[in-house]
file query-v3.cif (mmCIF, C-alpha atoms)
data_protein
loop_
_atom_site.group_PDB
_atom_site.id
_atom_site.type_symbol
_atom_site.label_atom_id
_atom_site.label_comp_id
_atom_site.auth_asym_id
_atom_site.auth_seq_id
_atom_site.Cartn_x
_atom_site.Cartn_y
_atom_site.Cartn_z
ATOM 1 C CA PRO Y 21 0.000 0.000 0.000
ATOM 2 C CA PHE Y 22 1.169 3.526 -0.833
ATOM 3 C CA VAL Y 23 0.339 7.005 0.364
ATOM 4 C CA ARG Y 24 0.737 10.199 -1.704
ATOM 5 C CA LEU Y 25 1.666 13.205 0.428
ATOM 6 C CA ASP Y 26 2.141 15.562 -2.519
ATOM 7 C CA ASP Y 27 2.101 15.493 -6.318
ATOM 8 C CA ASN Y 28 5.693 14.358 -6.879
ATOM 9 C CA GLU Y 29 7.637 11.105 -6.814
ATOM 10 C CA ILE Y 30 9.523 11.760 -3.576
ATOM 11 C CA SER Y 31 6.203 12.227 -1.754
ATOM 12 C CA VAL Y 32 4.797 8.825 -2.733
ATOM 13 C CA ARG Y 33 5.772 6.298 -0.092
ATOM 14 C CA CYS Y 34 5.213 2.665 0.754
ATOM 15 C CA LEU Y 35 3.314 2.401 4.033
ATOM 16 C CA SER Y 36 5.146 -0.812 4.951
ATOM 17 C CA CYS Y 37 8.801 0.215 4.522
ATOM 18 C CA ARG Y 38 8.422 4.012 4.069
ATOM 19 C CA ALA Y 39 10.484 3.900 0.872
ATOM 20 C CA THR Y 40 9.770 6.407 -1.874
ATOM 21 C CA THR Y 41 9.117 5.196 -5.398
ATOM 22 C CA ILE Y 42 12.619 6.467 -6.212
ATOM 23 C CA THR Y 43 14.170 4.080 -3.695
ATOM 24 C CA LEU Y 44 11.892 1.257 -4.793
ATOM 25 C CA SER Y 45 12.914 1.839 -8.419
ATOM 26 C CA LEU Y 46 16.579 1.511 -7.484
ATOM 27 C CA ALA Y 47 15.927 -1.576 -5.359
ATOM 28 C CA ALA Y 48 14.025 -3.273 -8.188
ATOM 29 C CA VAL Y 49 16.909 -2.736 -10.630
ATOM 30 C CA LEU Y 50 19.464 -3.823 -8.018
ATOM 31 C CA LEU Y 51 17.589 -7.082 -7.399
ATOM 32 C CA HIS Y 52 17.231 -7.736 -11.109
ATOM 33 C CA ILE Y 53 21.008 -7.517 -11.567
ATOM 34 C CA PHE Y 54 21.881 -9.174 -8.244
ATOM 35 C CA PRO Y 55 19.134 -11.567 -7.069
ATOM 36 C CA SER Y 56 21.381 -12.356 -4.083
ATOM 37 C CA LEU Y 57 23.726 -9.991 -2.259
ATOM 38 C CA ASP Y 58 25.070 -12.656 0.114
ATOM 39 C CA SER Y 59 28.609 -12.475 -1.273
ATOM 40 C CA LYS Y 60 28.735 -8.750 -2.047
ATOM 41 C CA HIS Y 61 30.523 -5.862 -0.369
ATOM 42 C CA VAL Y 62 28.375 -2.790 -1.006
ATOM 43 C CA TYR Y 63 29.202 0.884 -0.540
ATOM 44 C CA GLU Y 64 26.123 3.064 0.020
ATOM 45 C CA LEU Y 65 26.471 6.845 0.050
ATOM 46 C CA SER Y 66 24.084 7.300 2.974
ATOM 47 C CA SER Y 67 23.633 6.099 6.534
ATOM 48 C CA ARG Y 68 19.869 5.856 6.855
ATOM 49 C CA GLY Y 69 16.635 5.086 5.049
ATOM 50 C CA PRO Y 70 14.899 1.977 3.673
ATOM 51 C CA LEU Y 71 17.625 1.138 1.125
ATOM 52 C CA PHE Y 72 20.342 1.386 3.777
ATOM 53 C CA LYS Y 73 18.359 -0.899 6.092
ATOM 54 C CA TYR Y 74 17.746 -3.397 3.300
ATOM 55 C CA LEU Y 75 21.412 -3.521 2.304
ATOM 56 C CA LYS Y 76 22.480 -3.925 5.921
ATOM 57 C CA ARG Y 77 20.270 -7.015 6.181
ATOM 58 C CA LYS Y 78 21.047 -8.590 2.834
ATOM 59 C CA CYS Y 79 24.640 -7.995 1.736
ATOM 60 C CA LYS Y 80 27.761 -9.680 3.056
ATOM 61 C CA LYS Y 81 29.291 -6.373 4.120
ATOM 62 C CA LEU Y 82 27.994 -2.813 3.994
ATOM 63 C CA THR Y 83 30.193 0.268 4.057
ATOM 64 C CA TYR Y 84 28.376 3.580 4.292
ATOM 65 C CA SER Y 85 29.089 7.269 4.722
ATOM 66 C CA GLU Y 86 27.736 10.809 4.675
ATOM 67 C CA PHE Y 87 29.290 14.116 3.667
ATOM 68 C CA PHE Y 88 29.774 16.576 6.532
ATOM 69 C CA SER Y 89 31.267 19.938 5.624
ATOM 70 C CA ASP Y 90 32.827 20.285 9.082
ATOM 71 C CA THR Y 91 34.492 16.851 9.155
ATOM 72 C CA ASP Y 92 37.550 15.549 7.292
ATOM 73 C CA PRO Y 93 36.992 12.631 4.896
ATOM 74 C CA GLY Y 94 37.637 9.349 6.701
ATOM 75 C CA GLU Y 95 36.824 10.798 10.122
ATOM 76 C CA TYR Y 96 33.609 10.117 12.033
ATOM 77 C CA LYS Y 97 30.788 12.355 13.207
ATOM 78 C CA ASN Y 98 28.109 10.916 15.507
ATOM 79 C CA GLY Y 99 29.296 7.423 14.611
ATOM 80 C CA VAL Y 100 29.031 7.918 10.853
ATOM 81 C CA GLN Y 101 32.072 8.155 8.608
ATOM 82 C CA CYS Y 102 32.472 11.300 6.521
ATOM 83 C CA GLN Y 103 33.387 10.876 2.869
ATOM 84 C CA ASP Y 104 33.633 13.344 0.015
ATOM 85 C CA VAL Y 105 32.840 11.365 -3.130
ATOM 86 C CA GLN Y 106 35.223 13.638 -5.057
ATOM 87 C CA ARG Y 107 38.138 12.287 -2.954
ATOM 88 C CA LEU Y 108 37.233 9.023 -1.282
ATOM 89 C CA THR Y 109 39.648 7.629 1.306
ATOM 90 C CA TYR Y 110 39.006 3.985 0.378
ATOM 91 C CA GLU Y 111 41.540 1.744 -1.323
ATOM 92 C CA ASP Y 112 41.305 0.911 -5.017
ATOM 93 C CA GLU Y 113 38.929 -1.931 -5.910
ATOM 94 C CA SER Y 114 37.255 -2.187 -2.503
ATOM 95 C CA PHE Y 115 33.600 -2.795 -3.411
ATOM 96 C CA ASP Y 116 31.467 -5.057 -5.597
ATOM 97 C CA ILE Y 117 28.602 -2.557 -5.798
ATOM 98 C CA CYS Y 118 28.167 1.149 -5.123
ATOM 99 C CA THR Y 119 24.730 2.695 -4.653
ATOM 100 C CA SER Y 120 23.408 6.209 -4.157
ATOM 101 C CA THR Y 121 20.024 7.913 -4.188
ATOM 102 C CA GLU Y 122 19.704 11.578 -5.179
ATOM 103 C CA VAL Y 123 23.339 12.459 -4.367
ATOM 104 C CA PHE Y 124 25.286 13.401 -7.488
ATOM 105 C CA GLU Y 125 23.266 16.471 -8.377
ATOM 106 C CA HIS Y 126 24.766 17.951 -5.189
ATOM 107 C CA VAL Y 127 28.394 17.055 -6.023
ATOM 108 C CA PRO Y 128 30.281 20.146 -7.292
ATOM 109 C CA ASN Y 129 32.494 18.132 -9.663
ATOM 110 C CA ASP Y 130 30.602 15.027 -10.695
ATOM 111 C CA GLU Y 131 33.398 13.924 -13.043
ATOM 112 C CA LYS Y 132 35.704 13.544 -10.031
ATOM 113 C CA GLY Y 133 32.937 11.774 -8.144
ATOM 114 C CA PHE Y 134 32.243 9.296 -10.946
ATOM 115 C CA SER Y 135 35.993 8.685 -11.325
ATOM 116 C CA GLU Y 136 36.291 7.925 -7.631
ATOM 117 C CA ILE Y 137 33.386 5.477 -7.724
ATOM 118 C CA TYR Y 138 35.036 3.776 -10.691
ATOM 119 C CA ARG Y 139 38.334 3.597 -8.777
ATOM 120 C CA VAL Y 140 36.907 1.960 -5.653
ATOM 121 C CA LEU Y 141 34.830 -0.606 -7.568
ATOM 122 C CA LYS Y 142 36.325 -4.035 -8.085
ATOM 123 C CA PRO Y 143 36.752 -5.329 -11.646
ATOM 124 C CA ASN Y 144 33.260 -6.099 -12.986
ATOM 125 C CA GLY Y 145 31.803 -3.916 -10.226
ATOM 126 C CA VAL Y 146 28.528 -2.065 -10.734
ATOM 127 C CA PHE Y 147 27.407 1.446 -9.804
ATOM 128 C CA ILE Y 148 23.626 1.803 -9.396
ATOM 129 C CA PHE Y 149 22.148 5.205 -8.606
ATOM 130 C CA THR Y 150 19.388 7.739 -9.105
ATOM 131 C CA VAL Y 151 19.375 11.477 -9.691
ATOM 132 C CA PRO Y 152 16.591 13.826 -10.753
ATOM 133 C CA ILE Y 153 16.737 13.467 -14.531
ATOM 134 C CA SER Y 154 14.983 14.626 -17.694
ATOM 135 C CA ILE Y 155 15.715 11.900 -20.221
ATOM 136 C CA ARG Y 156 14.759 14.084 -23.214
ATOM 137 C CA GLU Y 157 17.104 16.912 -22.243
ATOM 138 C CA LYS Y 158 20.852 17.418 -21.871
ATOM 139 C CA THR Y 159 22.405 18.025 -18.483
ATOM 140 C CA ILE Y 160 22.256 21.661 -17.411
ATOM 141 C CA GLU Y 161 24.907 23.034 -15.058
ATOM 142 C CA ARG Y 162 23.216 25.279 -12.505
ATOM 143 C CA ALA Y 163 26.149 26.368 -10.334
ATOM 144 C CA GLU Y 164 29.904 25.991 -9.989
ATOM 145 C CA ILE Y 165 32.510 26.432 -7.296
ATOM 146 C CA ILE Y 166 34.674 29.521 -7.702
ATOM 147 C CA PRO Y 167 38.415 28.855 -7.248
ATOM 148 C CA GLY Y 168 39.316 30.122 -3.812
ATOM 149 C CA GLY Y 169 35.805 29.672 -2.451
ATOM 150 C CA GLY Y 170 32.247 30.693 -3.122
ATOM 151 C CA VAL Y 171 29.627 29.653 -5.666
ATOM 152 C CA ASN Y 172 28.894 31.106 -9.087
ATOM 153 C CA PHE Y 173 25.218 30.651 -9.949
ATOM 154 C CA LEU Y 174 24.691 29.975 -13.641
ATOM 155 C CA LEU Y 175 20.925 29.659 -13.195
ATOM 156 C CA PRO Y 176 18.523 30.561 -10.389
ATOM 157 C CA PRO Y 177 19.590 28.419 -7.422
ATOM 158 C CA GLU Y 178 17.751 25.160 -6.776
ATOM 159 C CA TYR Y 179 17.811 23.515 -3.368
ATOM 160 C CA HIS Y 180 16.714 20.077 -2.183
ATOM 161 C CA SER Y 181 15.809 19.030 1.338
ATOM 162 C CA ASP Y 182 18.256 16.828 3.273
ATOM 163 C CA PRO Y 183 16.706 14.634 6.016
ATOM 164 C CA ILE Y 184 20.014 13.946 7.791
ATOM 165 C CA ARG Y 185 20.499 17.686 8.347
ATOM 166 C CA SER Y 186 16.973 18.379 9.613
ATOM 167 C CA HIS Y 187 15.836 19.101 6.049
ATOM 168 C CA GLU Y 188 18.400 21.855 5.602
ATOM 169 C CA PRO Y 189 18.343 22.961 1.943
ATOM 170 C CA ILE Y 190 21.215 21.551 -0.135
ATOM 171 C CA LEU Y 191 22.280 23.223 -3.378
ATOM 172 C CA ALA Y 192 21.816 21.321 -6.638
ATOM 173 C CA PHE Y 193 24.778 21.968 -8.942
ATOM 174 C CA ARG Y 194 23.056 20.554 -12.022
ATOM 175 C CA SER Y 195 19.906 19.126 -13.542
ATOM 176 C CA TYR Y 196 20.780 15.835 -15.245
ATOM 177 C CA GLY Y 197 19.759 14.746 -18.709
ATOM 178 C CA TYR Y 198 20.337 11.735 -20.947
ATOM 179 C CA ASP Y 199 24.043 12.577 -21.370
ATOM 180 C CA VAL Y 200 24.766 11.368 -17.830
ATOM 181 C CA ILE Y 201 25.560 8.119 -19.667
ATOM 182 C CA GLU Y 202 28.326 9.841 -21.617
ATOM 183 C CA ARG Y 203 29.725 11.318 -18.414
ATOM 184 C CA LEU Y 204 30.088 7.826 -16.947
ATOM 185 C CA LEU Y 205 31.702 6.390 -20.073
ATOM 186 C CA ASN Y 206 34.162 9.285 -20.148
ATOM 187 C CA VAL Y 207 35.626 8.299 -16.765
ATOM 188 C CA GLY Y 208 36.173 4.687 -17.809
ATOM 189 C CA PHE Y 209 33.001 2.661 -17.259
ATOM 190 C CA LYS Y 210 32.694 0.116 -20.063
ATOM 191 C CA ARG Y 211 28.907 0.405 -20.278
ATOM 192 C CA ALA Y 212 26.236 2.629 -18.788
ATOM 193 C CA GLU Y 213 22.497 2.661 -19.278
ATOM 194 C CA LEU Y 214 19.168 3.913 -17.994
ATOM 195 C CA ARG Y 215 16.942 1.169 -16.638
ATOM 196 C CA SER Y 216 13.305 1.001 -15.668
ATOM 197 C CA PRO Y 217 12.238 -0.908 -12.535
ATOM 198 C CA GLY Y 218 10.151 -3.081 -14.860
ATOM 199 C CA TYR Y 219 6.718 -2.391 -13.433
ATOM 200 C CA ASP Y 220 4.437 0.558 -12.746
ATOM 201 C CA MET Y 221 4.379 1.941 -9.242
ATOM 202 C CA ALA Y 222 1.672 3.854 -7.436
ATOM 203 C CA TRP Y 223 0.184 6.728 -9.464
ATOM 204 C CA GLY Y 224 2.718 6.019 -12.220
ATOM 205 C CA TYR Y 225 5.648 7.449 -10.267
ATOM 206 C CA THR Y 226 8.904 5.727 -11.140
ATOM 207 C CA ARG Y 227 12.430 7.003 -11.652
ATOM 208 C CA PRO Y 228 14.886 5.849 -14.313
ATOM 209 C CA VAL Y 229 17.800 4.138 -12.598
ATOM 210 C CA ILE Y 230 21.324 4.647 -13.915
ATOM 211 C CA VAL Y 231 23.569 1.595 -14.031
ATOM 212 C CA ALA Y 232 27.280 1.746 -14.883
ATOM 213 C CA PHE Y 233 29.432 -1.354 -15.333
ATOM 214 C CA ARG Y 234 33.150 -1.362 -14.642
ATOM 215 C CA ASP Y 235 35.348 -3.477 -16.923
ATOM 216 C CA ASN Y 236 37.143 -6.604 -15.734
ATOM 217 C CA ALA Y 237 40.654 -5.155 -15.753
ATOM 218 C CA SER Y 238 42.393 -4.319 -12.496
ATOM 219 C CA ASN Y 239 43.776 -0.833 -11.972
ATOM 220 C CA ARG Y 240 47.153 -2.489 -11.503
ATOM 221 C CA ASP Y 241 46.915 -3.971 -15.017
ATOM 222 C CA ARG Y 242 46.692 -0.458 -16.440
ATOM 223 C CA GLU Y 243 49.867 0.751 -14.751
#

call {"tool": "encode", "arguments": {"input": "query-v3.cif", "output": "structure tokens"}}
result
Amino acid sequence: PFVRLDDNEISVRCLSCRATTITLSLAAVLLHIFPSLDSKHVYELSSRGPLFKYLKRKCKKLTYSEFFSDTDPGEYKNGVQCQDVQRLTYEDESFDICTSTEVFEHVPNDEKGFSEIYRVLKPNGVFIFTVPISIREKTIERAEIIPGGGVNFLLPPEYHSDPIRSHEPILAFRSYGYDVIERLLNVGFKRAELRSPGYDMAWGYTRPVIVAFRDNASNRDRE
């Protein structure tokens, strides 16, 4: 059973697990690719929510983090490790799967972030994630970091709510389009695609899920 709190996909939630249709879309694609997670080490770019709880129950090992602007990457705040996806502290080829939900639109340099995810995935690893996306449009950059500090707004600023920070507004640096696939291929992923969860959810709200596949070569083989 679902409840609709507002007329948008993030406000449609499952009454049983409280997941949004965005999270359920990602979970459906994840389970299609990996019917069992018993042998998988997963890195999830959050420390709470229905997907986090599911992964904690189902995968062999779960590593998770949040970004805290007042904490150095690798250090802990309130028991949760801080990571900046643009400069992860993890070793090369650490994880079988990486997942994130509505994160990369808030990353100032998504090319660095995608490169880092590629680096920490094992050969044949898979990155599965969602972002707000218009599949008929190209990605639009909305803001950029100014060297030395500060933000240059290229378009009127857009903010999203962040539950871990008491719904403090978080700046969106871009609005993604279909060329997110090209961005992933440019950092080395051998294949990337948009996938549907495979079935209609409540009130027709679903989110395309982006899946990027790492090749089977080790980073050491490239050196």

call {"tool": "closest_atom_pairs", "arguments": {"input": "query-v3.cif", "of": "region 100-181 of chain Y", "to": "region 30-48 of chain Y", "cutoff": "8 Å", "atoms": "all atoms listed in the file", "output": "Markdown table"}}
result
| residue | atom | partner | partner_atom | distance |
| --- | --- | --- | --- | --- |
| Y:Thr121 | CA | Y:Thr43 | CA | 7.0 |
| Y:Ile148 | CA | Y:Leu46 | CA | 7.3 |
| Y:Phe149 | CA | Y:Leu46 | CA | 6.8 |
| Y:Thr150 | CA | Y:Leu46 | CA | 7.0 |

call {"tool": "atom_distance", "arguments": {"input": "query-v3.cif", "atom1": "CA of Pro70 (chain Y)", "atom2": "CA of Val23 (chain Y)"}}
result
15.8 Å

call {"tool": "closest_residue", "arguments": {"input": "query-v3.cif", "among": "Y:Met221, Y:Ile117, Y:Ile165, Y:Cys79", "to": "Arg24 (chain Y)", "atoms": "only C-alpha atoms"}}
result
Y:Met221

call {"tool": "atom_distance", "arguments": {"input": "query-v3.cif", "atom1": "CA of Lys78 (chain Y)", "atom2": "CA of His61 (chain Y)"}}
result
10.4 Å

call {"tool": "resolve_selection", "arguments": {"input": "query-v3.cif", "expression": "the PyMOL selection byres ((chain Y and resi 123) around 10)", "output": "compact mmCIF listing (two decimals) with C-alpha atoms, in the coordinates of the input"}}
result
# COMPACT_ATOMS: atom_id res chain seq x y z
CA LEU Y 65 26.47 6.84 0.05
CA SER Y 66 24.08 7.30 2.97
CA VAL Y 105 32.84 11.36 -3.13
CA THR Y 119 24.73 2.70 -4.65
CA SER Y 120 23.41 6.21 -4.16
CA THR Y 121 20.02 7.91 -4.19
CA GLU Y 122 19.70 11.58 -5.18
CA PHE Y 124 25.29 13.40 -7.49
CA GLU Y 125 23.27 16.47 -8.38
CA HIS Y 126 24.77 17.95 -5.19
CA VAL Y 127 28.39 17.06 -6.02
CA ASP Y 130 30.60 15.03 -10.70
CA PHE Y 149 22.15 5.20 -8.61
CA THR Y 150 19.39 7.74 -9.10
CA VAL Y 151 19.38 11.48 -9.69
CA PRO Y 152 16.59 13.83 -10.75
CA ALA Y 192 21.82 21.32 -6.64

call {"tool": "atom_distance", "arguments": {"input": "query-v3.cif", "atom1": "CA of Glu161 (chain Y)", "atom2": "CA of Asn129 (chain Y)"}}
result
10.5 Å

call {"tool": "closest_residue", "arguments": {"input": "query-v3.cif", "among": "Y:Val49, Y:Ile230, Y:Ile201, Y:Leu82", "to": "Leu214 (chain Y)", "atoms": "all atoms listed in the file"}}
result
Y:Ile230

call {"tool": "closest_residue", "arguments": {"input": "query-v3.cif", "among": "Y:Gln101, Y:Ser135, Y:Ser154, Y:Asn236", "to": "Asn206 (chain Y)", "atoms": "all atoms listed in the file"}}
result
Y:Ser135

call {"tool": "resolve_selection", "arguments": {"input": "query-v3.cif", "expression": "the PyMOL selection byres ((chain Y and resi 196) around 9)", "output": "list in words"}}
result
Glu125, Val151, Pro152, Ile153, Ser154, Ile155, Glu157, Lys158, Thr159, Ile160, Glu161, Arg194, Ser195, Gly197, Tyr198, Asp199 and Val200 of chain Y

call {"tool": "write_last_selection", "arguments": {"input": "query-v3.cif", "atoms": "C-alpha atoms", "output": "JSON list (two decimals), keeping the file's coordinate frame"}}
result
[["chain", "number", "residue", "atom", "x", "y", "z"],
["Y", 125, "GLU", "CA", 23.27, 16.47, -8.38],
["Y", 151, "VAL", "CA", 19.38, 11.48, -9.69],
["Y", 152, "PRO", "CA", 16.59, 13.83, -10.75],
["Y", 153, "ILE", "CA", 16.74, 13.47, -14.53],
["Y", 154, "SER", "CA", 14.98, 14.63, -17.69],
["Y", 155, "ILE", "CA", 15.72, 11.90, -20.22],
["Y", 157, "GLU", "CA", 17.10, 16.91, -22.24],
["Y", 158, "LYS", "CA", 20.85, 17.42, -21.87],
["Y", 159, "THR", "CA", 22.40, 18.02, -18.48],
["Y", 160, "ILE", "CA", 22.26, 21.66, -17.41],
["Y", 161, "GLU", "CA", 24.91, 23.03, -15.06],
["Y", 194, "ARG", "CA", 23.06, 20.55, -12.02],
["Y", 195, "SER", "CA", 19.91, 19.13, -13.54],
["Y", 197, "GLY", "CA", 19.76, 14.75, -18.71],
["Y", 198, "TYR", "CA", 20.34, 11.74, -20.95],
["Y", 199, "ASP", "CA", 24.04, 12.58, -21.37],
["Y", 200, "VAL", "CA", 24.77, 11.37, -17.83]]

call {"tool": "residues_near_point", "arguments": {"input": "query-v3.cif", "point": "(18.8, -9.2, -17.4)", "cutoff": "12 Å", "atoms": "all atoms listed in the file", "output": "PDB file with C-alpha atoms, in the frame of the given file"}}
result
ATOM      1  CA  ALA Y  48      14.025  -3.273  -8.188  1.00  0.00           C
ATOM      2  CA  VAL Y  49      16.909  -2.736 -10.630  1.00  0.00           C
ATOM      3  CA  LEU Y  50      19.464  -3.823  -8.018  1.00  0.00           C
ATOM      4  CA  LEU Y  51      17.589  -7.082  -7.399  1.00  0.00           C
ATOM      5  CA  HIS Y  52      17.231  -7.736 -11.109  1.00  0.00           C
ATOM      6  CA  ILE Y  53      21.008  -7.517 -11.567  1.00  0.00           C
ATOM      7  CA  PHE Y  54      21.881  -9.174  -8.244  1.00  0.00           C
ATOM      8  CA  PRO Y  55      19.134 -11.567  -7.069  1.00  0.00           C
ATOM      9  CA  ARG Y 215      16.942   1.169 -16.638  1.00  0.00           C
ATOM     10  CA  SER Y 216      13.305   1.001 -15.668  1.00  0.00           C
ATOM     11  CA  PRO Y 217      12.238  -0.908 -12.535  1.00  0.00           C
ATOM     12  CA  GLY Y 218      10.151  -3.081 -14.860  1.00  0.00           C
TER      13      GLY Y 218
END

call {"tool": "resolve_selection", "arguments": {"input": "query-v3.cif", "expression": "the PyMOL selection byres ((chain Y and resi 235) around 8)", "output": "ChimeraX atom specification"}}
result
/Y:143-145,209-210,233-234,236-237

call {"tool": "closest_residue", "arguments": {"input": "query-v3.cif", "among": "Y:Gly169, Y:Gly208, Y:Gly69, Y:Gly224", "to": "Phe134 (chain Y)", "atoms": "all atoms listed in the file"}}
result
Y:Gly208

call {"tool": "closest_residue", "arguments": {"input": "query-v3.cif", "among": "Y:Ala212, Y:Leu204, Y:Val229, Y:Leu71", "to": "Ile137 (chain Y)", "atoms": "all atoms listed in the file"}}
result
Y:Leu204

call {"tool": "build_atoms", "arguments": {"input": "query-v3.cif", "residues": "region 122-138 of chain Y", "atoms": "N, CA and C atoms", "output": "PDB file, in the coordinates of the input"}}
result
ATOM      1  N   GLU Y 122      19.843  10.122  -5.172  1.00  0.00           N
ATOM      2  CA  GLU Y 122      19.704  11.578  -5.179  1.00  0.00           C
ATOM      3  C   GLU Y 122      20.907  12.263  -4.513  1.00  0.00           C
ATOM      4  N   VAL Y 123      22.114  11.893  -4.933  1.00  0.00           N
ATOM      5  CA  VAL Y 123      23.339  12.459  -4.367  1.00  0.00           C
ATOM      6  C   VAL Y 123      24.097  13.310  -5.380  1.00  0.00           C
ATOM      7  N   PHE Y 124      24.302  12.802  -6.590  1.00  0.00           N
ATOM      8  CA  PHE Y 124      25.286  13.401  -7.488  1.00  0.00           C
ATOM      9  C   PHE Y 124      24.887  14.771  -8.035  1.00  0.00           C
ATOM     10  N   GLU Y 125      23.629  15.119  -7.975  1.00  0.00           N
ATOM     11  CA  GLU Y 125      23.266  16.471  -8.377  1.00  0.00           C
ATOM     12  C   GLU Y 125      23.823  17.513  -7.395  1.00  0.00           C
ATOM     13  N   HIS Y 126      24.217  17.057  -6.210  1.00  0.00           N
ATOM     14  CA  HIS Y 126      24.766  17.951  -5.189  1.00  0.00           C
ATOM     15  C   HIS Y 126      26.296  17.928  -5.133  1.00  0.00           C
ATOM     16  N   VAL Y 127      26.932  17.162  -6.001  1.00  0.00           N
ATOM     17  CA  VAL Y 127      28.394  17.055  -6.023  1.00  0.00           C
ATOM     18  C   VAL Y 127      28.945  18.151  -6.943  1.00  0.00           C
ATOM     19  N   PRO Y 128      29.788  19.056  -6.441  1.00  0.00           N
ATOM     20  CA  PRO Y 128      30.281  20.146  -7.292  1.00  0.00           C
ATOM     21  C   PRO Y 128      30.941  19.677  -8.574  1.00  0.00           C
ATOM     22  N   ASN Y 129      31.809  18.666  -8.479  1.00  0.00           N
ATOM     23  CA  ASN Y 129      32.494  18.132  -9.663  1.00  0.00           C
ATOM     24  C   ASN Y 129      32.116  16.666  -9.806  1.00  0.00           C
ATOM     25  N   ASP Y 130      31.070  16.412 -10.593  1.00  0.00           N
ATOM     26  CA  ASP Y 130      30.602  15.027 -10.695  1.00  0.00           C
ATOM     27  C   ASP Y 130      31.575  14.145 -11.467  1.00  0.00           C
ATOM     28  N   GLU Y 131      32.395  14.730 -12.345  1.00  0.00           N
ATOM     29  CA  GLU Y 131      33.398  13.924 -13.043  1.00  0.00           C
ATOM     30  C   GLU Y 131      34.373  13.299 -12.041  1.00  0.00           C
ATOM     31  N   LYS Y 132      34.831  14.097 -11.077  1.00  0.00           N
ATOM     32  CA  LYS Y 132      35.704  13.544 -10.031  1.00  0.00           C
ATOM     33  C   LYS Y 132      34.980  12.481  -9.224  1.00  0.00           C
ATOM     34  N   GLY Y 133      33.709  12.742  -8.911  1.00  0.00           N
ATOM     35  CA  GLY Y 133      32.937  11.774  -8.144  1.00  0.00           C
ATOM     36  C   GLY Y 133      32.758  10.461  -8.877  1.00  0.00           C
ATOM     37  N   PHE Y 134      32.390  10.517 -10.159  1.00  0.00           N
ATOM     38  CA  PHE Y 134      32.243   9.296 -10.946  1.00  0.00           C
ATOM     39  C   PHE Y 134      33.576   8.557 -11.066  1.00  0.00           C
ATOM     40  N   SER Y 135      34.663   9.307 -11.231  1.00  0.00           N
ATOM     41  CA  SER Y 135      35.993   8.685 -11.325  1.00  0.00           C
ATOM     42  C   SER Y 135      36.349   7.961 -10.039  1.00  0.00           C
ATOM     43  N   GLU Y 136      35.998   8.554  -8.918  1.00  0.00           N
ATOM     44  CA  GLU Y 136      36.291   7.925  -7.631  1.00  0.00           C
ATOM     45  C   GLU Y 136      35.461   6.657  -7.418  1.00  0.00           C
ATOM     46  N   ILE Y 137      34.193   6.697  -7.811  1.00  0.00           N
ATOM     47  CA  ILE Y 137      33.386   5.477  -7.724  1.00  0.00           C
ATOM     48  C   ILE Y 137      33.984   4.383  -8.602  1.00  0.00           C
ATOM     49  N   TYR Y 138      34.381   4.745  -9.800  1.00  0.00           N
ATOM     50  CA  TYR Y 138      35.036   3.776 -10.691  1.00  0.00           C
ATOM     51  C   TYR Y 138      36.272   3.197 -10.015  1.00  0.00           C
TER      52      TYR Y 138
END
